[in-house]
file run-v4.pdb (PDB, C-alpha atoms and all ligand atoms)
ATOM      1  CA  MET A  15     -27.217 -11.287 -48.853
ATOM      2  CA  GLN A  16     -30.338 -12.293 -46.972
ATOM      3  CA  THR A  17     -29.999 -12.982 -43.287
ATOM      4  CA  VAL A  18     -31.950 -16.027 -42.180
ATOM      5  CA  LEU A  19     -33.566 -16.102 -38.777
ATOM      6  CA  ASN A  20     -33.928 -19.604 -37.427
ATOM      7  CA  ILE A  21     -36.759 -20.348 -35.031
ATOM      8  CA  VAL A  22     -36.825 -23.588 -33.076
ATOM      9  CA  ILE A  23     -40.275 -24.700 -31.980
ATOM     10  CA  ASP A  24     -41.738 -27.910 -30.623
ATOM     11  CA  ALA A  25     -44.390 -29.620 -32.742
ATOM     12  CA  GLU A  26     -47.253 -29.070 -30.283
ATOM     13  CA  SER A  27     -46.471 -25.366 -29.986
ATOM     14  CA  ALA A  28     -46.333 -25.013 -33.791
ATOM     15  CA  VAL A  29     -49.895 -26.357 -34.036
ATOM     16  CA  HIS A  30     -50.965 -24.113 -31.169
ATOM     17  CA  GLY A  31     -49.434 -21.079 -32.933
ATOM     18  CA  LEU A  32     -51.301 -21.909 -36.132
ATOM     19  CA  GLU A  33     -54.558 -22.146 -34.168
ATOM     20  CA  GLN A  34     -53.863 -18.734 -32.648
ATOM     21  CA  LEU A  35     -53.208 -17.291 -36.082
ATOM     22  CA  LEU A  36     -56.446 -18.746 -37.466
ATOM     23  CA  GLY A  37     -58.433 -17.580 -34.467
ATOM     24  CA  ILE A  38     -59.407 -21.133 -33.545
ATOM     25  CA  SER A  39     -60.054 -21.523 -29.870
ATOM     26  CA  SER A  40     -57.679 -24.198 -28.679
ATOM     27  CA  MET A  41     -58.484 -26.213 -25.600
ATOM     28  CA  ALA A  42     -54.877 -27.366 -25.357
ATOM     29  CA  PRO A  43     -53.500 -26.849 -21.857
ATOM     30  CA  VAL A  44     -50.810 -24.245 -21.351
ATOM     31  CA  ARG A  45     -47.530 -26.117 -21.128
ATOM     32  CA  SER A  46     -44.684 -25.278 -18.819
ATOM     33  CA  PRO A  47     -41.572 -23.625 -20.266
ATOM     34  CA  PHE A  48     -39.535 -25.852 -17.944
ATOM     35  CA  GLY A  49     -38.859 -29.568 -17.652
ATOM     36  CA  PRO A  50     -38.433 -32.362 -20.216
ATOM     37  CA  ASP A  51     -41.887 -31.829 -21.778
ATOM     38  CA  ARG A  52     -41.486 -28.069 -21.978
ATOM     39  CA  ALA A  53     -42.995 -25.887 -24.651
ATOM     40  CA  PHE A  54     -40.568 -23.689 -26.567
ATOM     41  CA  CYS A  55     -40.506 -21.246 -29.450
ATOM     42  CA  GLN A  56     -37.206 -19.453 -29.633
ATOM     43  CA  THR A  57     -34.234 -18.373 -31.695
ATOM     44  CA  PHE A  58     -31.082 -20.467 -31.808
ATOM     45  CA  ASP A  59     -29.814 -18.283 -28.948
ATOM     46  CA  GLY A  60     -32.880 -18.967 -26.818
ATOM     47  CA  ASP A  61     -34.689 -15.638 -27.241
ATOM     48  CA  PRO A  62     -38.427 -16.376 -26.910
ATOM     49  CA  ILE A  63     -40.801 -15.591 -29.788
ATOM     50  CA  ALA A  64     -44.606 -15.453 -29.664
ATOM     51  CA  LEU A  65     -46.111 -18.598 -31.211
ATOM     52  CA  ARG A  66     -48.475 -16.657 -33.453
ATOM     53  CA  ASP A  67     -45.642 -14.440 -34.736
ATOM     54  CA  ALA A  68     -43.393 -17.430 -35.422
ATOM     55  CA  VAL A  69     -46.036 -19.243 -37.485
ATOM     56  CA  LEU A  70     -46.997 -16.065 -39.348
ATOM     57  CA  ALA A  71     -43.374 -15.391 -40.282
ATOM     58  CA  GLY A  72     -42.960 -19.012 -41.331
ATOM     59  CA  LEU A  73     -45.954 -18.808 -43.671
ATOM     60  CA  ALA A  74     -44.549 -15.610 -45.159
ATOM     61  CA  GLY A  75     -41.283 -17.425 -45.840
ATOM     62  CA  LYS A  76     -39.171 -14.947 -43.913
ATOM     63  CA  ILE A  77     -37.744 -17.435 -41.496
ATOM     64  CA  ARG A  78     -36.730 -21.045 -41.310
ATOM     65  CA  ILE A  79     -38.683 -23.081 -38.777
ATOM     66  CA  VAL A  80     -37.149 -26.141 -37.174
ATOM     67  CA  VAL A  81     -39.763 -28.359 -35.520
ATOM     68  CA  ARG A  82     -38.361 -30.596 -32.802
ATOM     69  CA  GLY A  83     -39.969 -33.759 -31.499
ATOM     70  CA  LYS A  84     -40.204 -34.827 -27.864
ATOM     71  CA  ASP A  85     -36.726 -36.342 -28.082
ATOM     72  CA  GLY A  86     -35.302 -32.944 -29.023
ATOM     73  CA  LEU A  87     -34.315 -33.970 -32.541
ATOM     74  CA  PRO A  88     -35.495 -32.007 -35.594
ATOM     75  CA  VAL A  89     -38.504 -33.654 -37.267
ATOM     76  CA  ALA A  90     -39.132 -31.014 -39.939
ATOM     77  CA  MET A  91     -37.455 -27.924 -41.277
ATOM     78  CA  SER A  92     -38.815 -25.320 -43.634
ATOM     79  CA  SER A  93     -36.723 -23.144 -45.876
ATOM     80  CA  ALA A  94     -36.469 -19.374 -45.795
ATOM     81  CA  GLN A  95     -36.330 -19.412 -49.557
ATOM     82  CA  ARG A  96     -39.071 -19.742 -52.128
ATOM     83  CA  LEU A  97     -37.116 -21.821 -54.654
ATOM     84  CA  PHE A  98     -35.903 -25.374 -54.370
ATOM     85  CA  THR A  99     -32.129 -25.135 -54.542
ATOM     86  CA  GLY A 100     -29.118 -26.965 -53.173
ATOM     87  CA  ALA A 101     -29.667 -29.944 -50.875
ATOM     88  CA  ILE A 102     -33.465 -29.488 -50.752
ATOM     89  CA  ARG A 103     -33.644 -29.628 -54.563
ATOM     90  CA  ASP A 104     -31.433 -32.718 -54.599
ATOM     91  CA  ALA A 105     -33.667 -34.399 -52.009
ATOM     92  CA  VAL A 106     -36.797 -33.622 -54.064
ATOM     93  CA  LEU A 107     -35.078 -35.011 -57.174
ATOM     94  CA  MET A 108     -34.577 -38.276 -55.276
ATOM     95  CA  THR A 109     -38.326 -38.700 -54.712
ATOM     96  CA  ALA A 110     -39.031 -39.765 -58.303
ATOM     97  CA  THR A 111     -37.210 -40.998 -61.379
ATOM     98  CA  HIS A 112     -39.368 -39.099 -63.873
ATOM     99  CA  CYS A 113     -42.028 -36.397 -64.200
ATOM    100  CA  THR A 114     -44.809 -37.133 -61.701
ATOM    101  CA  SER A 115     -47.581 -36.245 -64.134
ATOM    102  CA  ASP A 116     -49.429 -39.476 -64.949
ATOM    103  CA  GLY A 117     -48.019 -41.141 -68.059
ATOM    104  CA  CYS A 118     -45.113 -38.724 -68.586
ATOM    105  CA  ILE A 119     -41.671 -40.269 -69.022
ATOM    106  CA  VAL A 120     -39.417 -37.173 -68.935
ATOM    107  CA  PRO A 121     -36.500 -38.187 -66.641
ATOM    108  CA  ALA A 122     -36.054 -36.502 -63.242
ATOM    109  CA  THR A 123     -32.827 -34.764 -64.284
ATOM    110  CA  LYS A 124     -34.748 -32.896 -66.989
ATOM    111  CA  CYS A 125     -37.601 -31.930 -64.638
ATOM    112  CA  GLN A 126     -38.266 -28.832 -62.592
ATOM    113  CA  THR A 127     -38.700 -29.000 -58.822
ATOM    114  CA  ASP A 128     -41.690 -27.085 -57.602
ATOM    115  CA  HIS A 129     -44.188 -26.832 -54.775
ATOM    116  CA  LEU A 130     -47.055 -29.347 -54.655
ATOM    117  CA  VAL A 131     -49.054 -26.829 -52.622
ATOM    118  CA  PRO A 132     -48.014 -23.508 -54.218
ATOM    119  CA  ALA A 133     -46.113 -21.039 -52.066
ATOM    120  CA  SER A 134     -48.836 -18.495 -52.891
ATOM    121  CA  GLN A 135     -51.274 -20.784 -51.054
ATOM    122  CA  GLY A 136     -49.053 -21.212 -48.013
ATOM    123  CA  GLY A 137     -47.098 -24.218 -49.289
ATOM    124  CA  GLU A 138     -43.709 -24.602 -47.668
ATOM    125  CA  THR A 139     -40.409 -24.887 -49.488
ATOM    126  CA  CYS A 140     -39.561 -28.238 -47.945
ATOM    127  CA  VAL A 141     -38.934 -31.740 -49.241
ATOM    128  CA  CYS A 142     -42.386 -32.885 -48.097
ATOM    129  CA  ASN A 143     -43.996 -30.252 -50.351
ATOM    130  CA  GLY A 144     -41.657 -30.676 -53.285
ATOM    131  CA  GLY A 145     -42.469 -32.462 -56.493
ATOM    132  CA  LEU A 146     -41.020 -33.055 -59.920
ATOM    133  CA  ALA A 147     -42.627 -32.138 -63.201
ATOM    134  CA  CYS A 148     -41.306 -31.517 -66.673
ATOM    135  CA  GLY A 149     -41.601 -27.930 -67.926
ATOM    136  CA  HIS A 150     -44.675 -28.746 -69.993
ATOM    137  CA  HIS A 151     -46.580 -30.334 -67.103
ATOM    138  CA  ASN A 152     -45.449 -27.706 -64.591
ATOM    139  CA  ARG A 153     -46.974 -24.987 -66.805
ATOM    140  CA  TRP A 154     -50.033 -27.135 -67.553
ATOM    141  CA  ARG A 155     -50.717 -27.670 -63.838
ATOM    142  CA  TYR A 156     -50.813 -23.912 -63.340
ATOM    143  CA  LEU A 157     -52.906 -23.144 -66.416
ATOM    144  CA  ALA A 158     -55.362 -26.026 -65.867
ATOM    145  CA  LYS A 159     -55.695 -25.062 -62.180
ATOM    146  CA  VAL A 160     -55.261 -28.669 -61.087
ATOM    147  CA  LYS A 161     -54.135 -29.643 -57.599
ATOM    148  CA  VAL A 162     -51.219 -31.982 -57.132
ATOM    149  CA  ARG A 163     -50.861 -33.850 -53.848
ATOM    150  CA  ARG A 164     -48.690 -36.613 -52.426
ATOM    151  CA  LEU A 165     -50.945 -39.398 -51.123
ATOM    152  CA  ALA A 166     -50.241 -41.414 -47.976
ATOM    153  CA  ASP A 167     -48.592 -44.150 -50.053
ATOM    154  CA  GLY A 168     -46.193 -41.626 -51.598
ATOM    155  CA  ILE A 169     -47.915 -41.546 -54.978
ATOM    156  CA  ILE A 170     -48.310 -38.104 -56.559
ATOM    157  CA  ALA A 171     -51.933 -37.617 -57.626
ATOM    158  CA  THR A 172     -53.459 -34.893 -59.785
ATOM    159  CA  PHE A 173     -56.965 -33.584 -59.151
ATOM    160  CA  ARG A 174     -59.163 -31.497 -61.433
ATOM    161  CA  PRO A 175     -60.599 -28.218 -60.092
ATOM    162  CA  ASP A 176     -63.851 -30.124 -59.292
ATOM    163  CA  GLY A 177     -61.880 -32.452 -57.002
ATOM    164  CA  SER A 178     -62.017 -35.578 -59.191
ATOM    165  CA  ARG A 179     -58.750 -37.385 -59.670
ATOM    166  CA  ILE A 180     -57.112 -37.654 -63.057
ATOM    167  CA  ALA A 181     -56.541 -41.389 -63.245
ATOM    168  CA  PRO A 182     -53.248 -42.787 -64.452
ATOM    169  CA  PRO A 183     -53.309 -44.491 -67.890
ATOM    170  CA  MET A 184     -54.176 -48.207 -67.816
TER     171      MET A 184
HETATM  172 ZN    ZN B 201     -44.238 -34.327 -67.740
END
call {"tool": "encode", "arguments": {"input": "run-v4.pdb", "output": "structure tokens", "more": "lines below"}}
Ligand SMILES: [Zn+2]
result
Amino acid sequence: MQTVLNIVIDAESAVHGLEQLLGISSMAPVRSPFGPDRAFCQTFDGDPIALRDAVLAGLAGKIRIVVRGKDGLPVAMSSAQRLFTGAIRDAVLMTATHCTSDGCIVPATKCQTDHLVPASQGGETCVCNGGLACGHHNRWRYLAKVKVRRLADGIIATFRPDGSRIAPPM
């Protein structure tokens, strides 16, 4: 059985850790580890972890990252697993009633849950990166090398490799 390491990190520190990992010079001020607006990146037991290491492990899918907002409540949580199972799968199933490929009417219960941004490209196994597609369209998306993204209005859109959107049927 796999042991999951949970890392709790505040949202600003998570961005800072990603910048460190990418080698982007961040002008963000160093924040105090004390006080109500403190920066933190730690295990559940409070053991500190380097920001860069936490983000790197999160991208590799070896840990679960819990991002907390300024009020201390979790605002996002990744999964240490690569597959959508259990409650995360159920939550993704609730995001649509049918396959999200334009024009497809296969019902959600007969669809597969998969990453919108593939895990191989750094996509997280989280509800925000989960999408439904029937088996046919899930395979087609991979073979056709299309990109599938959730737009700001919640609509799932499919883009050809050249970046043009595949329009829904009229
Ligand atoms: Zn479909």
call {"tool": "residues_near_ligand", "arguments": {"input": "run-v4.pdb", "ligand": "ligand ZN 201 (chain B)", "cutoff": "12 Å", "atoms": "only C-alpha atoms and all ligand atoms", "output": "JSON, numbers by chain"}}
result
{"A": [111, 112, 113, 114, 115, 116, 117, 118, 119, 120, 121, 122, 123, 124, 125, 126, 127, 145, 146, 147, 148, 149, 150, 151, 152, 153, 154, 155]}
call {"tool": "resolve_selection", "arguments": {"input": "run-v4.pdb", "expression": "the PyMOL selection byres (((chain A and resi 27) around 9) and not hetatm)", "output": "list in words"}}
result
Ile23, Asp24, Ala25, Glu26, Ala28, Val29, His30, Gly31, Leu32, Arg45, Ala53, Phe54, Cys55 and Leu65 of chain A
call {"tool": "resolve_selection", "arguments": {"input": "run-v4.pdb", "expression": "the PyMOL selection byres (((chain A and resi 179) around 12) and not hetatm)", "output": "PyMOL selection string"}}
result
chain A and resi 116+160-163+165+170-178+180-182
call {"tool": "closest_residue", "arguments": {"input": "run-v4.pdb", "among": "A:Arg164, A:Lys84, A:Arg52, A:Arg66", "to": "A:Ile38", "atoms": "only C-alpha atoms"}}
result
A:Arg66
call {"tool": "residues_near_point", "arguments": {"input": "run-v4.pdb", "point": "(-37.9, -22.7, -29.0)", "cutoff": "9 Å", "atoms": "only C-alpha atoms", "output": "number ranges by chain"}}
result
A: 21-24, 53-58, 60-63, 80-82
call {"tool": "atom_distance", "arguments": {"input": "run-v4.pdb", "atom1": "atom CA of A:Gly136", "atom2": "atom CA of A:Asp167"}}
result
23.0 Å
call {"tool": "atom_distance", "arguments": {"input": "run-v4.pdb", "atom1": "atom CA of A:Glu33", "atom2": "atom CA of A:Val89"}}
result
20.0 Å
call {"tool": "atom_distance", "arguments": {"input": "run-v4.pdb", "atom1": "atom CA of A:Thr109", "atom2": "atom CA of A:Ala166"}}
result
14.0 Å
call {"tool": "build_atoms", "arguments": {"input": "run-v4.pdb", "residues": "stretch 107-131 of chain A", "atoms": "N, CA, C and O atoms", "output": "tab-separated table (two decimals), in the coordinates of the input"}}
result
chain	number	residue	atom	x	y	z
A	107	LEU	N	-35.40	-34.25	-55.97
A	107	LEU	CA	-35.08	-35.01	-57.17
A	107	LEU	C	-35.02	-36.51	-56.88
A	107	LEU	O	-35.29	-37.33	-57.76
A	108	MET	N	-34.69	-36.86	-55.64
A	108	MET	CA	-34.58	-38.28	-55.28
A	108	MET	C	-35.93	-38.92	-55.00
A	108	MET	O	-36.00	-40.13	-54.77
A	109	THR	N	-37.01	-38.13	-55.02
A	109	THR	CA	-38.33	-38.70	-54.71
A	109	THR	C	-38.98	-39.36	-55.91
A	109	THR	O	-40.00	-40.03	-55.77
A	110	ALA	N	-38.44	-39.15	-57.11
A	110	ALA	CA	-39.03	-39.76	-58.30
A	110	ALA	C	-37.96	-39.90	-59.37
A	110	ALA	O	-36.95	-39.19	-59.34
A	111	THR	N	-38.18	-40.79	-60.31
A	111	THR	CA	-37.21	-41.00	-61.38
A	111	THR	C	-37.62	-40.30	-62.67
A	111	THR	O	-36.85	-40.24	-63.61
A	112	HIS	N	-38.87	-39.78	-62.68
A	112	HIS	CA	-39.37	-39.10	-63.87
A	112	HIS	C	-40.47	-38.12	-63.48
A	112	HIS	O	-40.88	-38.09	-62.31
A	113	CYS	N	-40.93	-37.34	-64.44
A	113	CYS	CA	-42.03	-36.40	-64.20
A	113	CYS	C	-43.18	-37.12	-63.50
A	113	CYS	O	-43.54	-38.24	-63.87
A	114	THR	N	-43.76	-36.48	-62.49
A	114	THR	CA	-44.81	-37.13	-61.70
A	114	THR	C	-46.20	-36.95	-62.30
A	114	THR	O	-47.18	-37.37	-61.70
A	115	SER	N	-46.28	-36.33	-63.47
A	115	SER	CA	-47.58	-36.24	-64.13
A	115	SER	C	-47.87	-37.61	-64.74
A	115	SER	O	-47.01	-38.21	-65.39
A	116	ASP	N	-49.09	-38.12	-64.51
A	116	ASP	CA	-49.43	-39.48	-64.95
A	116	ASP	C	-49.11	-39.72	-66.41
A	116	ASP	O	-49.55	-38.97	-67.29
A	117	GLY	N	-48.33	-40.74	-66.69
A	117	GLY	CA	-48.02	-41.14	-68.06
A	117	GLY	C	-46.82	-40.46	-68.67
A	117	GLY	O	-46.38	-40.83	-69.75
A	118	CYS	N	-46.25	-39.46	-68.01
A	118	CYS	CA	-45.11	-38.72	-68.59
A	118	CYS	C	-43.80	-39.45	-68.26
A	118	CYS	O	-43.61	-39.94	-67.15
A	119	ILE	N	-42.92	-39.52	-69.23
A	119	ILE	CA	-41.67	-40.27	-69.02
A	119	ILE	C	-40.43	-39.38	-69.06
A	119	ILE	O	-39.31	-39.88	-69.17
A	120	VAL	N	-40.59	-38.07	-68.96
A	120	VAL	CA	-39.42	-37.17	-68.94
A	120	VAL	C	-38.61	-37.50	-67.67
A	120	VAL	O	-39.16	-37.51	-66.57
A	121	PRO	N	-37.30	-37.79	-67.81
A	121	PRO	CA	-36.50	-38.19	-66.64
A	121	PRO	C	-36.34	-37.05	-65.61
A	121	PRO	O	-36.41	-35.87	-65.96
A	122	ALA	N	-36.13	-37.45	-64.36
A	122	ALA	CA	-36.05	-36.50	-63.24
A	122	ALA	C	-35.03	-35.40	-63.49
A	122	ALA	O	-35.27	-34.23	-63.16
A	123	THR	N	-33.88	-35.76	-64.09
A	123	THR	CA	-32.83	-34.76	-64.28
A	123	THR	C	-33.22	-33.68	-65.28
A	123	THR	O	-32.57	-32.64	-65.35
A	124	LYS	N	-34.27	-33.91	-66.04
A	124	LYS	CA	-34.75	-32.90	-66.99
A	124	LYS	C	-36.03	-32.23	-66.48
A	124	LYS	O	-36.69	-31.49	-67.22
A	125	CYS	N	-36.37	-32.50	-65.22
A	125	CYS	CA	-37.60	-31.93	-64.64
A	125	CYS	C	-37.29	-30.70	-63.80
A	125	CYS	O	-36.15	-30.43	-63.44
A	126	GLN	N	-38.35	-29.98	-63.49
A	126	GLN	CA	-38.27	-28.83	-62.59
A	126	GLN	C	-38.77	-29.29	-61.22
A	126	GLN	O	-39.68	-30.11	-61.13
A	127	THR	N	-38.19	-28.74	-60.17
A	127	THR	CA	-38.70	-29.00	-58.82
A	127	THR	C	-39.59	-27.83	-58.44
A	127	THR	O	-39.22	-26.67	-58.62
A	128	ASP	N	-40.76	-28.16	-57.95
A	128	ASP	CA	-41.69	-27.08	-57.60
A	128	ASP	C	-42.55	-27.52	-56.42
A	128	ASP	O	-42.52	-28.68	-56.01
A	129	HIS	N	-43.32	-26.56	-55.91
A	129	HIS	CA	-44.19	-26.83	-54.78
A	129	HIS	C	-45.41	-27.64	-55.21
A	129	HIS	O	-46.02	-27.34	-56.23
A	130	LEU	N	-45.79	-28.65	-54.42
A	130	LEU	CA	-47.06	-29.35	-54.66
A	130	LEU	C	-48.20	-28.41	-54.26
A	130	LEU	O	-49.10	-28.16	-55.02
A	131	VAL	N	-48.14	-27.90	-53.03
A	131	VAL	CA	-49.05	-26.83	-52.62
A	131	VAL	C	-48.30	-25.53	-52.89
A	131	VAL	O	-47.25	-25.29	-52.30
